[in-house]
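Read the structure below first, then the notes.
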Amino acid sequence: MTNTAQAPEVDEKTVRRAVIASAMGNATEWYDYGVFTSGAIAASIGTVFFPGEGNAILKSLALVAIGFVVRPFGGAFFGPLGDKIGRQRVLAITILLMSGCTFLVGCLPTYSGEYAIGIGAPILVLLLRLIQGFSTGGEYGGAATFIAEYAPTRKRGFWGSFLEMGTLAGYVLGNLVVLTVTLSFTADQVDSWAWRIPFWVALPLGIIGLYLRNKLEDTPEFRRLEAAGEKAEKAPLKETLTRNWRMIMNLIGIVLLLNIADYMLLTTMPTYFTDTLKISDNTATVIIIIVELIQIALIAPIGALSDRVGRKPMLITAAIGFLVLSYPSIKLMQSGSTVLLFLGFLIVALLLVLMLAVIGSTFPAMFPTRVRYGAFAIGYNVSTSIFGGTCGVVVTALIHGTGNQDWPAYYLMIAAAIALFPIFKIPETARVPMDHINEEGVTAPPAAKTAAN
């Protein structure tokens, strides 16, 4: 079908507002992960909700992982719905659900002690994690789509990088809040009640994000579809799967590496440092915060670079880097030197930022506008559920089961080898307008690329 309607022109101020509103959702999501997976809070959560024998941190990581079981269902529900009724409406729902569930975890009674409800406590916290996982399934694909469809073609890499800046900022904020709590209260106070404080902070984050999203119109691309009469009348789940399954499979393969690396660094390494390498909670948190701040400083320049050289060179470099450098990096972390541990962690983090900087502009451009939100959400969340959400539990269990501390490196290397094939297979979409994308990736002739705004 030929598109005759043009997407409305958007000024840079509006683009900036759209980017901030989208990134706030990612920040809220990853604030939750930063809190849940920090050494001190992870141990407290595992203890107050799941007392008894067994590793408390592993129990807490399992609680994080359980939310990923329902993420594909959330993606299959919210994604096609966003293609039907609009991105903005769905994103308002998802950020409210995510922040509300995190806040309520901090309000729950515990398994034992004062105001305890016994077995009801772990059931309630499990229910909240499932609701949050379901809503998160509709968040990331929509937020990335929102930015990509607002950003001008020539700067889509630059603006798209801010989505993952939200990820890193939310994670850093979560760790900073946890660090503040652990420095302000005794260990007994943290285990007794102060573990709740970081969860309460999520509510104002969500309210701010909801306000920003409600102040914006839907994306220019979605409004273009409406004006052209091409918007789906029903949530197009069948069309999404039958006509775009090849590109969805490519997305799953790339996200496999992205999320194993992402969740390895941001949710597994904190407990790897404290539980396996026996680094103190506060030292591990400071190292992670410093490295995340370095990533934040680099992500936008790398995104801007991808607008000039393309997205695929960044993704290929990252995948080969993980294949070659993961093992030496883990050995540096295991050296016993805090400086070498920092260096090893930084190497892997720099490889990850090469991916983080371009996925916000790469993934939405793999699918046509009509089914973009749904196809992205389904493929991304299937891969995230299977490989990302389970990363911490699987790697920690393998380390405990085999006694081999090198499993983080092996896991990254296997993921990198798998991801190289779909990375080579996808088309390069830098400088290609969003309305020139079809089921095969690109419809624009070369002249259309050079004429892009």
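Please note that chains go A, B, ... in the order of the structure tokens, that every chain numbers its residues from 1, and that ligands are numbered from 1 in the order shown.
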Review point. Leaving out Lys215 in chain A and any residue of its chain fewer than 4 positions from it, which residues lie within 12 Å of it when counting only C-alpha atoms, given as a list in words?
Key: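 Close residues of Lys215 in chain A: Thr14, Arg17, Ala18, Ile20, Ala21, Gln88, Arg89, Ala92, Ile208, Gly209, Leu210 and Tyr211 of chain A.
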Exercise for review: Please identify all polymer residues within 10 Å of Phe68 in chain A, counting only C-alpha atoms, omitting same-chain residues fewer than 2 positions from it, and present them as an MDAnalysis selection string.
Suggested key: chainID A and resid 63:66 70:74 129:130 132:134 136:137 381:390
Only N, CA and C atoms, please: the residues just picked out, written as a PDB file, in the first residue's frame.
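Just written: selection-v4.pdb:
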```pdb
ATOM      1  N   LEU A  63      12.562 -14.484  42.503  1.00  0.00           N
ATOM      2  CA  LEU A  63      11.375 -13.635  42.538  1.00  0.00           C
ATOM      3  C   LEU A  63      11.410 -12.632  41.386  1.00  0.00           C
ATOM      4  N   VAL A  64      12.594 -12.091  41.084  1.00  0.00           N
ATOM      5  CA  VAL A  64      12.736 -11.210  39.928  1.00  0.00           C
ATOM      6  C   VAL A  64      12.440 -11.976  38.645  1.00  0.00           C
ATOM      7  N   ALA A  65      12.980 -13.188  38.554  1.00  0.00           N
ATOM      8  CA  ALA A  65      12.824 -13.977  37.333  1.00  0.00           C
ATOM      9  C   ALA A  65      11.376 -14.373  37.072  1.00  0.00           C
ATOM     10  N   ILE A  66      10.584 -14.578  38.122  1.00  0.00           N
ATOM     11  CA  ILE A  66       9.216 -15.062  37.929  1.00  0.00           C
ATOM     12  C   ILE A  66       8.369 -14.040  37.180  1.00  0.00           C
ATOM     13  N   VAL A  70       5.511 -13.870  32.578  1.00  0.00           N
ATOM     14  CA  VAL A  70       4.306 -13.294  31.978  1.00  0.00           C
ATOM     15  C   VAL A  70       4.617 -12.143  31.035  1.00  0.00           C
ATOM     16  N   ARG A  71       5.882 -11.752  30.893  1.00  0.00           N
ATOM     17  CA  ARG A  71       6.203 -10.636  30.004  1.00  0.00           C
ATOM     18  C   ARG A  71       5.755 -10.863  28.565  1.00  0.00           C
ATOM     19  N   PRO A  72       5.956 -12.059  27.981  1.00  0.00           N
ATOM     20  CA  PRO A  72       5.469 -12.241  26.608  1.00  0.00           C
ATOM     21  C   PRO A  72       3.965 -12.054  26.480  1.00  0.00           C
ATOM     22  N   PHE A  73       3.217 -12.444  27.505  1.00  0.00           N
ATOM     23  CA  PHE A  73       1.765 -12.259  27.466  1.00  0.00           C
ATOM     24  C   PHE A  73       1.413 -10.772  27.534  1.00  0.00           C
ATOM     25  N   GLY A  74       2.179 -10.029  28.347  1.00  0.00           N
ATOM     26  CA  GLY A  74       1.986  -8.587  28.388  1.00  0.00           C
ATOM     27  C   GLY A  74       2.314  -7.940  27.057  1.00  0.00           C
ATOM     28  N   ARG A 129       4.727  -9.171  41.515  1.00  0.00           N
ATOM     29  CA  ARG A 129       5.772  -9.357  40.502  1.00  0.00           C
ATOM     30  C   ARG A 129       5.174  -9.812  39.173  1.00  0.00           C
ATOM     31  N   LEU A 130       4.131 -10.617  39.227  1.00  0.00           N
ATOM     32  CA  LEU A 130       3.489 -11.074  37.994  1.00  0.00           C
ATOM     33  C   LEU A 130       2.778  -9.916  37.294  1.00  0.00           C
ATOM     34  N   GLN A 132       3.505  -6.741  37.592  1.00  0.00           N
ATOM     35  CA  GLN A 132       4.520  -5.846  37.057  1.00  0.00           C
ATOM     36  C   GLN A 132       5.161  -6.419  35.794  1.00  0.00           C
ATOM     37  N   GLY A 133       5.436  -7.727  35.804  1.00  0.00           N
ATOM     38  CA  GLY A 133       6.005  -8.354  34.617  1.00  0.00           C
ATOM     39  C   GLY A 133       5.089  -8.229  33.419  1.00  0.00           C
ATOM     40  N   PHE A 134       3.780  -8.389  33.642  1.00  0.00           N
ATOM     41  CA  PHE A 134       2.797  -8.261  32.564  1.00  0.00           C
ATOM     42  C   PHE A 134       2.805  -6.847  31.995  1.00  0.00           C
ATOM     43  N   THR A 136       5.241  -4.587  32.276  1.00  0.00           N
ATOM     44  CA  THR A 136       6.545  -4.309  31.681  1.00  0.00           C
ATOM     45  C   THR A 136       6.635  -4.872  30.275  1.00  0.00           C
ATOM     46  N   GLY A 137       5.898  -5.965  30.023  1.00  0.00           N
ATOM     47  CA  GLY A 137       5.862  -6.537  28.684  1.00  0.00           C
ATOM     48  C   GLY A 137       5.343  -5.572  27.636  1.00  0.00           C
ATOM     49  N   ASN A 381       9.976  -9.449  24.211  1.00  0.00           N
ATOM     50  CA  ASN A 381       9.623 -10.030  25.510  1.00  0.00           C
ATOM     51  C   ASN A 381       9.726 -11.550  25.540  1.00  0.00           C
ATOM     52  N   VAL A 382       9.523 -12.206  24.410  1.00  0.00           N
ATOM     53  CA  VAL A 382       9.759 -13.656  24.363  1.00  0.00           C
ATOM     54  C   VAL A 382      11.228 -13.930  24.667  1.00  0.00           C
ATOM     55  N   SER A 383      12.118 -13.198  24.003  1.00  0.00           N
ATOM     56  CA  SER A 383      13.552 -13.389  24.220  1.00  0.00           C
ATOM     57  C   SER A 383      13.963 -12.988  25.628  1.00  0.00           C
ATOM     58  N   THR A 384      13.419 -11.870  26.105  1.00  0.00           N
ATOM     59  CA  THR A 384      13.752 -11.404  27.451  1.00  0.00           C
ATOM     60  C   THR A 384      13.293 -12.392  28.510  1.00  0.00           C
ATOM     61  N   SER A 385      12.103 -12.948  28.315  1.00  0.00           N
ATOM     62  CA  SER A 385      11.552 -13.896  29.278  1.00  0.00           C
ATOM     63  C   SER A 385      12.402 -15.161  29.372  1.00  0.00           C
ATOM     64  N   ILE A 386      12.788 -15.673  28.219  1.00  0.00           N
ATOM     65  CA  ILE A 386      13.517 -16.944  28.192  1.00  0.00           C
ATOM     66  C   ILE A 386      14.965 -16.777  28.640  1.00  0.00           C
ATOM     67  N   PHE A 387      15.613 -15.714  28.166  1.00  0.00           N
ATOM     68  CA  PHE A 387      17.056 -15.592  28.364  1.00  0.00           C
ATOM     69  C   PHE A 387      17.470 -14.503  29.352  1.00  0.00           C
ATOM     70  N   GLY A 388      16.770 -13.362  29.344  1.00  0.00           N
ATOM     71  CA  GLY A 388      17.177 -12.261  30.209  1.00  0.00           C
ATOM     72  C   GLY A 388      16.743 -12.448  31.642  1.00  0.00           C
ATOM     73  N   GLY A 389      15.448 -12.682  31.839  1.00  0.00           N
ATOM     74  CA  GLY A 389      14.917 -12.784  33.189  1.00  0.00           C
ATOM     75  C   GLY A 389      15.455 -13.956  33.980  1.00  0.00           C
ATOM     76  N   THR A 390      15.869 -15.002  33.273  1.00  0.00           N
ATOM     77  CA  THR A 390      16.394 -16.192  33.952  1.00  0.00           C
ATOM     78  C   THR A 390      17.905 -16.121  34.165  1.00  0.00           C
TER      79      THR A 390
END
```
May I have the residues within 12 Å of Leu346 in chain A as an mmCIF file with all heavy atoms, in the first residue's frame, using only C-alpha atoms and disregarding those fewer than 3 positions away in the same chain?
```cif
data_model
loop_
_atom_site.group_PDB
_atom_site.id
_atom_site.type_symbol
_atom_site.label_atom_id
_atom_site.label_comp_id
_atom_site.auth_asym_id
_atom_site.auth_seq_id
_atom_site.Cartn_x
_atom_site.Cartn_y
_atom_site.Cartn_z
ATOM 1 N N LEU A 265 25.119 -7.833 33.764
ATOM 2 C CA LEU A 265 25.795 -6.718 34.412
ATOM 3 C C LEU A 265 24.937 -6.081 35.490
ATOM 4 O O LEU A 265 25.432 -5.750 36.570
ATOM 5 C CB LEU A 265 26.175 -5.660 33.373
ATOM 6 C CG LEU A 265 27.628 -5.753 32.868
ATOM 7 C CD1 LEU A 265 27.792 -6.940 31.932
ATOM 8 C CD2 LEU A 265 28.036 -4.463 32.168
ATOM 9 N N MET A 269 25.625 -9.435 38.324
ATOM 10 C CA MET A 269 26.930 -9.052 38.862
ATOM 11 C C MET A 269 26.885 -8.485 40.286
ATOM 12 O O MET A 269 27.811 -8.751 41.068
ATOM 13 C CB MET A 269 27.628 -8.068 37.919
ATOM 14 C CG MET A 269 28.263 -8.744 36.731
ATOM 15 S SD MET A 269 29.482 -9.979 37.245
ATOM 16 C CE MET A 269 29.805 -10.799 35.695
ATOM 17 N N ILE A 287 31.251 0.490 42.870
ATOM 18 C CA ILE A 287 31.870 0.113 41.592
ATOM 19 C C ILE A 287 30.824 0.135 40.471
ATOM 20 O O ILE A 287 31.053 0.683 39.385
ATOM 21 C CB ILE A 287 32.523 -1.283 41.703
ATOM 22 C CG1 ILE A 287 33.771 -1.214 42.578
ATOM 23 C CG2 ILE A 287 32.879 -1.823 40.315
ATOM 24 C CD1 ILE A 287 34.366 -2.572 42.894
ATOM 25 N N ILE A 288 29.681 -0.453 40.749
ATOM 26 C CA ILE A 288 28.632 -0.522 39.738
ATOM 27 C C ILE A 288 28.122 0.868 39.382
ATOM 28 O O ILE A 288 27.927 1.189 38.193
ATOM 29 C CB ILE A 288 27.483 -1.425 40.236
ATOM 30 C CG1 ILE A 288 27.951 -2.879 40.289
ATOM 31 C CG2 ILE A 288 26.248 -1.300 39.338
ATOM 32 C CD1 ILE A 288 27.038 -3.800 41.061
ATOM 33 N N ILE A 289 27.936 1.720 40.358
ATOM 34 C CA ILE A 289 27.448 3.077 40.093
ATOM 35 C C ILE A 289 28.439 3.843 39.221
ATOM 36 O O ILE A 289 28.057 4.516 38.253
ATOM 37 C CB ILE A 289 27.188 3.824 41.418
ATOM 38 C CG1 ILE A 289 25.947 3.263 42.117
ATOM 39 C CG2 ILE A 289 27.016 5.321 41.166
ATOM 40 C CD1 ILE A 289 25.721 3.816 43.507
ATOM 41 N N ILE A 290 29.736 3.757 39.519
ATOM 42 C CA ILE A 290 30.749 4.474 38.735
ATOM 43 C C ILE A 290 30.735 4.007 37.282
ATOM 44 O O ILE A 290 30.754 4.813 36.342
ATOM 45 C CB ILE A 290 32.147 4.283 39.350
ATOM 46 C CG1 ILE A 290 32.232 4.984 40.707
ATOM 47 C CG2 ILE A 290 33.227 4.828 38.417
ATOM 48 C CD1 ILE A 290 33.512 4.692 41.467
ATOM 49 N N VAL A 291 30.680 2.683 37.081
ATOM 50 C CA VAL A 291 30.671 2.143 35.719
ATOM 51 C C VAL A 291 29.401 2.560 34.976
ATOM 52 O O VAL A 291 29.448 2.924 33.788
ATOM 53 C CB VAL A 291 30.808 0.606 35.754
ATOM 54 C CG1 VAL A 291 30.547 0.007 34.374
ATOM 55 C CG2 VAL A 291 32.202 0.213 36.233
ATOM 56 N N GLU A 292 28.264 2.550 35.664
ATOM 57 C CA GLU A 292 27.015 2.971 35.015
ATOM 58 C C GLU A 292 27.065 4.447 34.631
ATOM 59 O O GLU A 292 26.530 4.840 33.580
ATOM 60 C CB GLU A 292 25.827 2.724 35.950
ATOM 61 C CG GLU A 292 25.602 1.276 36.345
ATOM 62 C CD GLU A 292 25.524 0.356 35.154
ATOM 63 O OE1 GLU A 292 24.745 0.655 34.233
ATOM 64 O OE2 GLU A 292 26.236 -0.658 35.140
ATOM 65 N N LEU A 293 27.682 5.277 35.440
ATOM 66 C CA LEU A 293 27.815 6.691 35.099
ATOM 67 C C LEU A 293 28.695 6.882 33.861
ATOM 68 O O LEU A 293 28.430 7.765 33.029
ATOM 69 C CB LEU A 293 28.393 7.467 36.284
ATOM 70 C CG LEU A 293 27.454 7.621 37.492
ATOM 71 C CD1 LEU A 293 28.193 8.279 38.669
ATOM 72 C CD2 LEU A 293 26.219 8.438 37.127
ATOM 73 N N ILE A 294 29.726 6.057 33.720
ATOM 74 C CA ILE A 294 30.559 6.094 32.505
ATOM 75 C C ILE A 294 29.715 5.710 31.291
ATOM 76 O O ILE A 294 29.799 6.347 30.218
ATOM 77 C CB ILE A 294 31.777 5.166 32.654
ATOM 78 C CG1 ILE A 294 32.719 5.704 33.732
ATOM 79 C CG2 ILE A 294 32.520 5.028 31.326
ATOM 80 C CD1 ILE A 294 33.848 4.752 34.099
ATOM 81 N N GLN A 295 28.892 4.675 31.426
ATOM 82 C CA GLN A 295 28.013 4.284 30.325
ATOM 83 C C GLN A 295 27.058 5.411 29.949
ATOM 84 O O GLN A 295 26.826 5.678 28.762
ATOM 85 C CB GLN A 295 27.210 3.037 30.714
ATOM 86 C CG GLN A 295 28.013 1.748 30.732
ATOM 87 C CD GLN A 295 27.125 0.554 31.023
ATOM 88 O OE1 GLN A 295 26.430 0.512 32.030
ATOM 89 N NE2 GLN A 295 27.148 -0.422 30.124
ATOM 90 N N LEU A 325 36.281 -11.121 24.636
ATOM 91 C CA LEU A 325 36.755 -10.462 25.847
ATOM 92 C C LEU A 325 36.028 -10.856 27.133
ATOM 93 O O LEU A 325 36.461 -10.466 28.223
ATOM 94 C CB LEU A 325 36.652 -8.939 25.682
ATOM 95 C CG LEU A 325 37.513 -8.330 24.562
ATOM 96 C CD1 LEU A 325 37.242 -6.836 24.450
ATOM 97 C CD2 LEU A 325 38.988 -8.591 24.816
ATOM 98 N N SER A 326 34.942 -11.619 27.036
ATOM 99 C CA SER A 326 34.190 -11.957 28.250
ATOM 100 C C SER A 326 35.033 -12.758 29.240
ATOM 101 O O SER A 326 35.043 -12.467 30.447
ATOM 102 C CB SER A 326 32.924 -12.741 27.892
ATOM 103 O OG SER A 326 32.009 -11.935 27.200
ATOM 104 N N SER A 329 37.771 -10.744 30.922
ATOM 105 C CA SER A 329 37.166 -9.770 31.833
ATOM 106 C C SER A 329 36.773 -10.417 33.155
ATOM 107 O O SER A 329 36.993 -9.845 34.235
ATOM 108 C CB SER A 329 35.933 -9.128 31.183
ATOM 109 O OG SER A 329 36.292 -8.399 30.029
ATOM 110 N N ILE A 330 36.199 -11.606 33.085
ATOM 111 C CA ILE A 330 35.814 -12.309 34.309
ATOM 112 C C ILE A 330 37.054 -12.664 35.129
ATOM 113 O O ILE A 330 37.047 -12.575 36.368
ATOM 114 C CB ILE A 330 35.007 -13.581 33.974
ATOM 115 C CG1 ILE A 330 33.622 -13.200 33.456
ATOM 116 C CG2 ILE A 330 34.879 -14.489 35.187
ATOM 117 C CD1 ILE A 330 32.734 -12.512 34.470
ATOM 118 N N LEU A 332 39.805 -10.973 35.270
ATOM 119 C CA LEU A 332 40.226 -9.751 35.946
ATOM 120 C C LEU A 332 39.382 -9.508 37.194
ATOM 121 O O LEU A 332 39.911 -9.120 38.244
ATOM 122 C CB LEU A 332 40.090 -8.555 34.995
ATOM 123 C CG LEU A 332 41.128 -8.437 33.881
ATOM 124 C CD1 LEU A 332 40.762 -7.292 32.939
ATOM 125 C CD2 LEU A 332 42.522 -8.218 34.455
ATOM 126 N N MET A 333 38.084 -9.754 37.095
ATOM 127 C CA MET A 333 37.200 -9.565 38.250
ATOM 128 C C MET A 333 37.544 -10.525 39.389
ATOM 129 O O MET A 333 37.362 -10.203 40.562
ATOM 130 C CB MET A 333 35.740 -9.758 37.833
ATOM 131 C CG MET A 333 35.218 -8.734 36.843
ATOM 132 S SD MET A 333 33.463 -9.017 36.471
ATOM 133 C CE MET A 333 33.378 -8.429 34.781
ATOM 134 N N VAL A 339 40.925 -2.848 41.843
ATOM 135 C CA VAL A 339 41.192 -2.091 40.615
ATOM 136 C C VAL A 339 40.963 -2.976 39.387
ATOM 137 O O VAL A 339 40.323 -2.558 38.407
ATOM 138 C CB VAL A 339 42.627 -1.534 40.614
ATOM 139 C CG1 VAL A 339 42.960 -0.894 39.265
ATOM 140 C CG2 VAL A 339 42.796 -0.521 41.738
ATOM 141 N N LEU A 340 41.487 -4.210 39.408
ATOM 142 C CA LEU A 340 41.317 -5.111 38.267
ATOM 143 C C LEU A 340 39.860 -5.560 38.137
ATOM 144 O O LEU A 340 39.362 -5.751 37.025
ATOM 145 C CB LEU A 340 42.234 -6.317 38.408
ATOM 146 C CG LEU A 340 43.734 -6.018 38.288
ATOM 147 C CD1 LEU A 340 44.551 -7.306 38.449
ATOM 148 C CD2 LEU A 340 44.053 -5.346 36.955
ATOM 149 N N LEU A 341 39.181 -5.735 39.267
ATOM 150 C CA LEU A 341 37.753 -6.052 39.224
ATOM 151 C C LEU A 341 37.001 -4.936 38.504
ATOM 152 O O LEU A 341 36.160 -5.194 37.625
ATOM 153 C CB LEU A 341 37.212 -6.250 40.635
ATOM 154 C CG LEU A 341 35.732 -6.650 40.758
ATOM 155 C CD1 LEU A 341 35.526 -7.511 42.000
ATOM 156 C CD2 LEU A 341 34.808 -5.445 40.828
ATOM 157 N N PHE A 342 37.292 -3.707 38.865
ATOM 158 C CA PHE A 342 36.664 -2.556 38.216
ATOM 159 C C PHE A 342 36.959 -2.556 36.720
ATOM 160 O O PHE A 342 36.069 -2.328 35.887
ATOM 161 C CB PHE A 342 37.174 -1.266 38.855
ATOM 162 C CG PHE A 342 36.700 -0.013 38.183
ATOM 163 C CD1 PHE A 342 35.460 0.532 38.481
ATOM 164 C CD2 PHE A 342 37.491 0.626 37.236
ATOM 165 C CE1 PHE A 342 35.015 1.689 37.856
ATOM 166 C CE2 PHE A 342 37.051 1.775 36.601
ATOM 167 C CZ PHE A 342 35.816 2.313 36.918
ATOM 168 N N LEU A 343 38.200 -2.825 36.338
ATOM 169 C CA LEU A 343 38.596 -2.821 34.923
ATOM 170 C C LEU A 343 37.858 -3.908 34.143
ATOM 171 O O LEU A 343 37.356 -3.667 33.040
ATOM 172 C CB LEU A 343 40.109 -3.023 34.803
ATOM 173 C CG LEU A 343 40.665 -3.069 33.368
ATOM 174 C CD1 LEU A 343 40.386 -1.756 32.652
ATOM 175 C CD2 LEU A 343 42.170 -3.350 33.405
ATOM 176 N N ALA A 349 31.036 -3.689 30.358
ATOM 177 C CA ALA A 349 30.053 -2.613 30.322
ATOM 178 C C ALA A 349 30.196 -1.757 29.068
ATOM 179 O O ALA A 349 29.198 -1.297 28.500
ATOM 180 C CB ALA A 349 30.198 -1.740 31.566
ATOM 181 N N LEU A 350 31.427 -1.533 28.607
ATOM 182 C CA LEU A 350 31.643 -0.751 27.390
ATOM 183 C C LEU A 350 31.144 -1.500 26.162
ATOM 184 O O LEU A 350 30.616 -0.886 25.218
ATOM 185 C CB LEU A 350 33.127 -0.411 27.247
ATOM 186 C CG LEU A 350 33.691 0.557 28.291
ATOM 187 C CD1 LEU A 350 35.186 0.778 28.083
ATOM 188 C CD2 LEU A 350 32.949 1.886 28.272
ATOM 189 N N LEU A 351 31.294 -2.810 26.144
ATOM 190 C CA LEU A 351 30.729 -3.600 25.042
ATOM 191 C C LEU A 351 29.206 -3.515 25.051
ATOM 192 O O LEU A 351 28.574 -3.379 23.998
ATOM 193 C CB LEU A 351 31.177 -5.063 25.168
ATOM 194 C CG LEU A 351 32.678 -5.334 24.986
ATOM 195 C CD1 LEU A 351 32.985 -6.792 25.291
ATOM 196 C CD2 LEU A 351 33.110 -4.985 23.555
ATOM 197 N N LEU A 352 28.634 -3.573 26.242
ATOM 198 C CA LEU A 352 27.179 -3.486 26.345
ATOM 199 C C LEU A 352 26.664 -2.134 25.870
ATOM 200 O O LEU A 352 25.633 -2.059 25.193
ATOM 201 C CB LEU A 352 26.745 -3.734 27.792
ATOM 202 C CG LEU A 352 25.250 -3.544 28.087
ATOM 203 C CD1 LEU A 352 24.391 -4.493 27.255
ATOM 204 C CD2 LEU A 352 24.969 -3.749 29.574
ATOM 205 N N VAL A 353 27.373 -1.062 26.186
ATOM 206 C CA VAL A 353 26.876 0.269 25.825
ATOM 207 C C VAL A 353 26.863 0.455 24.309
ATOM 208 O O VAL A 353 26.076 1.259 23.780
ATOM 209 C CB VAL A 353 27.686 1.372 26.532
ATOM 210 C CG1 VAL A 353 28.977 1.705 25.811
ATOM 211 C CG2 VAL A 353 26.844 2.638 26.699
#
```
Check your understanding: Of the candidates A:Thr283, A:Ser44, A:Ser335, A:Thr276, which one gets nearest to Ala194 in chain A if we count only C-alpha atoms?
Key ->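 For Ala194 in chain A, the nearest of the given residues is A:Ser44.
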Exercise for review: Show which residues sit within 7 Å of Ser135 in chain A, as a list of chain:residue names. Count only C-alpha atoms, and ignore same-chain residues fewer than 5 positions away.
Suggested key: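 Once the nearby chain positions are removed, what remains is A:Gly74, A:Thr94, A:Leu97, A:Met98.
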Selected residues written out, N, CA, C and O atoms, as a short mmCIF file (atom, residue, chain, number, x, y, z; two decimals), in the first residue's frame:
```cif
data_model
loop_
_atom_site.label_atom_id
_atom_site.label_comp_id
_atom_site.auth_asym_id
_atom_site.auth_seq_id
_atom_site.Cartn_x
_atom_site.Cartn_y
_atom_site.Cartn_z
N GLY A 74 2.18 -10.03 28.35
CA GLY A 74 1.99 -8.59 28.39
C GLY A 74 2.31 -7.94 27.06
O GLY A 74 1.60 -7.04 26.60
N THR A 94 0.92 1.36 31.36
CA THR A 94 2.03 0.51 31.79
C THR A 94 2.89 1.16 32.86
O THR A 94 3.32 0.51 33.81
N LEU A 97 1.11 0.96 36.25
CA LEU A 97 1.13 -0.39 36.82
C LEU A 97 2.52 -0.74 37.35
O LEU A 97 2.65 -1.31 38.45
N MET A 98 3.55 -0.42 36.59
CA MET A 98 4.91 -0.76 37.03
C MET A 98 5.28 -0.08 38.34
O MET A 98 5.73 -0.72 39.29
#
```
Review point. Thr285 in chain A: which residues within 10 Å, counting only C-alpha atoms, same-chain residues fewer than 6 positions away excluded, as a list of chain:residue names?
Key: A:Gly34, A:Ser38, A:Gly39, A:Ala40, A:Val172, A:Asn175, A:Leu176, A:Val178, A:Leu179, A:Pro270, A:Phe273, A:Thr274, A:Ile279
Emit the selected residues as an mmCIF file, in the first residue's frame, including C-alpha atoms.
```
data_model
loop_
_atom_site.group_PDB
_atom_site.id
_atom_site.type_symbol
_atom_site.label_atom_id
_atom_site.label_comp_id
_atom_site.auth_asym_id
_atom_site.auth_seq_id
_atom_site.Cartn_x
_atom_site.Cartn_y
_atom_site.Cartn_z
ATOM 1 C CA GLY A 34 18.386 -1.930 40.779
ATOM 2 C CA SER A 38 21.321 -5.006 45.124
ATOM 3 C CA GLY A 39 23.126 -7.259 47.590
ATOM 4 C CA ALA A 40 21.642 -5.863 50.822
ATOM 5 C CA VAL A 172 21.942 3.996 39.193
ATOM 6 C CA ASN A 175 21.547 1.592 43.727
ATOM 7 C CA LEU A 176 22.076 5.095 45.121
ATOM 8 C CA VAL A 178 19.897 1.420 48.446
ATOM 9 C CA LEU A 179 23.392 2.679 49.274
ATOM 10 C CA PRO A 270 25.862 -7.251 42.056
ATOM 11 C CA PHE A 273 30.428 -9.637 43.564
ATOM 12 C CA THR A 274 28.984 -10.098 47.046
ATOM 13 C CA ILE A 279 33.106 -8.115 47.988
#
```
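You can rank A:Ile260, A:Ile41, A:Ile320, A:Ala27 by their closest distance to Gly206 in chain A using only C-alpha atoms, and at the top of that list sits A:Ala27.
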Contact check, range 130-239 of chain A to range 107-114 of chain A, at most 12 Å, counting only C-alpha atoms, closest pairs as JSON lines:
```
{"residue": "A:Asp191", "atom": "CA", "partner": "A:Thr110", "partner_atom": "CA", "distance": 10.9}
{"residue": "A:Ser192", "atom": "CA", "partner": "A:Gly113", "partner_atom": "CA", "distance": 8.9}
{"residue": "A:Trp193", "atom": "CA", "partner": "A:Thr110", "partner_atom": "CA", "distance": 9.9}
{"residue": "A:Ala194", "atom": "CA", "partner": "A:Cys107", "partner_atom": "CA", "distance": 11.4}
{"residue": "A:Trp195", "atom": "CA", "partner": "A:Cys107", "partner_atom": "CA", "distance": 10.5}
{"residue": "A:Arg196", "atom": "CA", "partner": "A:Cys107", "partner_atom": "CA", "distance": 7.1}
{"residue": "A:Ile197", "atom": "CA", "partner": "A:Cys107", "partner_atom": "CA", "distance": 9.4}
{"residue": "A:Pro198", "atom": "CA", "partner": "A:Cys107", "partner_atom": "CA", "distance": 11.1}
{"residue": "A:Phe199", "atom": "CA", "partner": "A:Cys107", "partner_atom": "CA", "distance": 8.5}
{"residue": "A:Trp200", "atom": "CA", "partner": "A:Cys107", "partner_atom": "CA", "distance": 7.9}
{"residue": "A:Val201", "atom": "CA", "partner": "A:Cys107", "partner_atom": "CA", "distance": 11.7}
{"residue": "A:Leu203", "atom": "CA", "partner": "A:Cys107", "partner_atom": "CA", "distance": 11.7}
```
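Distance check against Leu356 in chain A using only C-alpha atoms: of A:Ile252, A:Ala284, A:Ile299, A:Ile437, the minimum falls on A:Ile299.
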Practice item. Give the alpha helix (DSSP H) residues of range 54-235 of chain A, as assigned by DSSP on the backbone, as a ChimeraX atom specification. Key: /A:56-66,71-85,87-105,120-150,156-184,187-192,197-200,202-214,220-228
Check your understanding: Which residue out of A:Ala304, A:Ile426, A:Ile131, A:Val15 has the minimum interatomic distance to Ala151 in chain A when only C-alpha atoms are used?
Key -> A:Val15
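Of the listed residues A:Tyr31, A:Phe103, A:Tyr272, A:Phe77, the one whose atoms come nearest to Leu173 in chain A is A:Tyr31, with distances taken using only C-alpha atoms.
Using only C-alpha atoms, the smallest distance between any of A:Arg223, A:His436, A:Lys238, A:Lys155 and Gly303 in chain A comes from A:Lys155.
The two atoms in question, CA of Gly166 in chain A and CA of Lys84 in chain A, are spaced 26.3 Å apart.
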Practice item. Write out as a list in words the residues lying within 8 Å of Ala416 in chain A, counting only C-alpha atoms and excluding same-chain residues fewer than 6 positions away. Key: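 Surrounding residues, per the criterion: Leu257, Ala319, Ile320, Phe322 and Leu323 of chain A.
In this model, the gap between CA of Ser60 in chain A and CA of Glu29 in chain A comes to 16.7 Å.
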Check your understanding: So how far away is CA of Val286 in chain A from CA of Leu183 in chain A, in Å?
Key -> 12.1 Å
